[in-house]
Amino acid sequence: MSNLLCSNPLIQFKMKIIPAQFPAKKSTMKPASISSRLQNSQTPSNQQLNLSVLRFTLGIPGLDESYLPRWIGYGFASLLILNHFVGSDSATTTPAQLRTEAIGLSLAAFSVLIPYLGKFLKGASATDKATIPEGTEQIFVMSQNILDTKKEDLAWATYILLRNTNTIAVLISVQGALCARGYWNIPEEASRKNLLEWFERQIERIGLKNLKDTLYFPQNSDSVLWELLPKGTRSLLVQPVLQVPKPGANQMEGIEGFVLLASSMGYAYGDRDKAWIGALANKFGG
């Protein structure tokens with residue numbers, strides 16, 4: 001999915017957002033410190049993003065980090081074999097050395113099998129990586145009459161969701177703010193200027209704002225939601241954003257919005273993905 005994104009999401013955020021109808025004050029952004037704020041609070045402790053929500057990767061294009069143990073196993077096995085035949089004399093090889101090499105090869109073989117064992121234990125089947133459906137267009141649009149801090153929050157949230165999951169399109173609606181990013185099918189009657197209005201009409205028609213429970217469709221469905229999604233979508237996850245009552249306050253749990261993710265892969269989101277996405281959505285709910 002690296003072709004979806006530029007190296008810094010806030011740079012793309014500056015370049016591709018639809019021109020504001022309501023002028024916003026310019027803010028100073030510091031993406032290197034990863035200090036995106038998920039609450040509009042004046043205290044520095046509340047402004048720092050909880051890094052447990054982020055997944056850090058090596059950042060190498062085309063490298064699937066889940067297969068890293070396999071390549072490590074191949075590397076150590078190759079070194080052991082090379083050392084046995086080149087670096088030592090077979091006439092002076094001791095039984096202890098042979099036992100050590102056998103143990104090393106066994107550990108290397110286990111390391112190679114770890115990615116397969118992980119998928120087997122999770123019940124996942126072999127699938128291709130998410131691909132970009134034909135006829136889609138990359139967009140990044142956001143409500144403009146909101147605070148700059150909330151724009152930063154939405155920019156970072158959509159970036160890490162696209163970067164760290166099998167997602168091709170993200171739609172976040174929270175506290176009156178709307179952000180769509182990724183590859184979508186833009187209808188002919190909707191231009192860049194009124195694209196946000198088109199998303200809002202679809203959200204009202206489907207009734208997503210009243211969603212209280214997580215929706216997950218691992219395969220194509222006849223749900224009315226599919227009319228909103230880009231063509232080629234095979235998996236859909238909608239995570240509600242719920243307002244968390246403050247401790248000691250006589251306050252009911254309310255609905256703040258939702259996070260919608262679409263993927264071109266079947267069964268794109270496992271239990272770990274859904275838990276991580278839910279934790280990210282909770283940040284918007286306080």
# chains A, B, ... in the order shown; residues from 1 in each chain; ligands from 1
$ select_by_dssp --residues "range 43-226 of chain A" --states "helix (DSSP H, G or I)" --output "MDAnalysis selection string"
chainID A and resid 44:47 51:53 65:85 90:92 95:122 148:164 195:206 208:210 224:226
$ closest_residue --among "A:Asn166, A:Thr136, A:Ser88, A:Gln175" --to "Leu154 in chain A" --atoms "only C-alpha atoms"
A:Gln175
$ closest_residue --among "A:Phe110, A:Phe284, A:Phe85, A:Tyr116" --to "Tyr67 in chain A" --atoms "only C-alpha atoms"
A:Tyr116
$ residues_around --residues "range 89-103 of chain A" --least-positions-apart "5" --cutoff "12 Å" --atoms "only C-alpha atoms" --output "VMD selection string"
chain A and resid 76 to 84 108 to 110
$ write_last_selection --atoms "N, CA and C atoms" --output "PDB file, in the first residue's frame"
ATOM      1  N   PHE A  76      20.482 -17.180   8.751  1.00  0.00           N
ATOM      2  CA  PHE A  76      21.293 -17.915   9.715  1.00  0.00           C
ATOM      3  C   PHE A  76      21.564 -19.346   9.252  1.00  0.00           C
ATOM      4  N   ALA A  77      20.599 -19.958   8.577  1.00  0.00           N
ATOM      5  CA  ALA A  77      20.827 -21.303   8.058  1.00  0.00           C
ATOM      6  C   ALA A  77      21.922 -21.299   7.002  1.00  0.00           C
ATOM      7  N   SER A  78      21.906 -20.278   6.143  1.00  0.00           N
ATOM      8  CA  SER A  78      22.943 -20.179   5.121  1.00  0.00           C
ATOM      9  C   SER A  78      24.325 -19.994   5.748  1.00  0.00           C
ATOM     10  N   LEU A  79      24.401 -19.187   6.803  1.00  0.00           N
ATOM     11  CA  LEU A  79      25.687 -18.973   7.469  1.00  0.00           C
ATOM     12  C   LEU A  79      26.190 -20.249   8.133  1.00  0.00           C
ATOM     13  N   LEU A  80      25.302 -21.029   8.741  1.00  0.00           N
ATOM     14  CA  LEU A  80      25.710 -22.285   9.374  1.00  0.00           C
ATOM     15  C   LEU A  80      26.250 -23.283   8.349  1.00  0.00           C
ATOM     16  N   ILE A  81      25.528 -23.389   7.232  1.00  0.00           N
ATOM     17  CA  ILE A  81      25.968 -24.327   6.190  1.00  0.00           C
ATOM     18  C   ILE A  81      27.291 -23.872   5.586  1.00  0.00           C
ATOM     19  N   LEU A  82      27.426 -22.567   5.352  1.00  0.00           N
ATOM     20  CA  LEU A  82      28.667 -22.040   4.802  1.00  0.00           C
ATOM     21  C   LEU A  82      29.827 -22.269   5.762  1.00  0.00           C
ATOM     22  N   ASN A  83      29.593 -22.082   7.038  1.00  0.00           N
ATOM     23  CA  ASN A  83      30.645 -22.295   8.030  1.00  0.00           C
ATOM     24  C   ASN A  83      31.048 -23.765   8.124  1.00  0.00           C
ATOM     25  N   HIS A  84      30.080 -24.664   7.944  1.00  0.00           N
ATOM     26  CA  HIS A  84      30.380 -26.098   8.058  1.00  0.00           C
ATOM     27  C   HIS A  84      31.274 -26.589   6.916  1.00  0.00           C
ATOM     28  N   ALA A 108      16.664 -22.281  12.966  1.00  0.00           N
ATOM     29  CA  ALA A 108      16.459 -21.533  11.723  1.00  0.00           C
ATOM     30  C   ALA A 108      15.216 -22.035  10.990  1.00  0.00           C
ATOM     31  N   ALA A 109      15.031 -23.368  10.972  1.00  0.00           N
ATOM     32  CA  ALA A 109      13.844 -23.931  10.321  1.00  0.00           C
ATOM     33  C   ALA A 109      12.567 -23.484  11.038  1.00  0.00           C
ATOM     34  N   PHE A 110      12.609 -23.440  12.368  1.00  0.00           N
ATOM     35  CA  PHE A 110      11.443 -22.974  13.118  1.00  0.00           C
ATOM     36  C   PHE A 110      11.149 -21.514  12.819  1.00  0.00           C
TER      37      PHE A 110
END
$ closest_residue --among "A:Leu196, A:Leu280, A:Leu161, A:Ile203" --to "Leu261 in chain A" --atoms "only C-alpha atoms"
A:Leu161
$ atom_distance --atom1 "CA of Ile139 in chain A" --atom2 "CA of Val259 in chain A"
16.7 Å
$ closest_residue --among "A:Ala275, A:Ile146, A:Leu228, A:Leu211" --to "Ile186 in chain A" --atoms "only C-alpha atoms"
A:Leu228
$ closest_residue --among "A:Leu178, A:Leu236, A:Leu242, A:Val141" --to "Lys193 in chain A" --atoms "only C-alpha atoms"
A:Val141
$ residues_around --residues "Glu134 in chain A" --least-positions-apart "3" --cutoff "12 Å" --atoms "only C-alpha atoms" --output "VMD selection string"
chain A and resid 131 137 to 138 183 to 185 230 to 233 264
$ closest_residue --among "A:Arg181, A:Val174, A:Leu215, A:Asn220" --to "Gly254 in chain A" --atoms "only C-alpha atoms"
A:Val174
$ atom_distance --atom1 "CA of Leu171 in chain A" --atom2 "CA of Leu260 in chain A"
5.0 Å
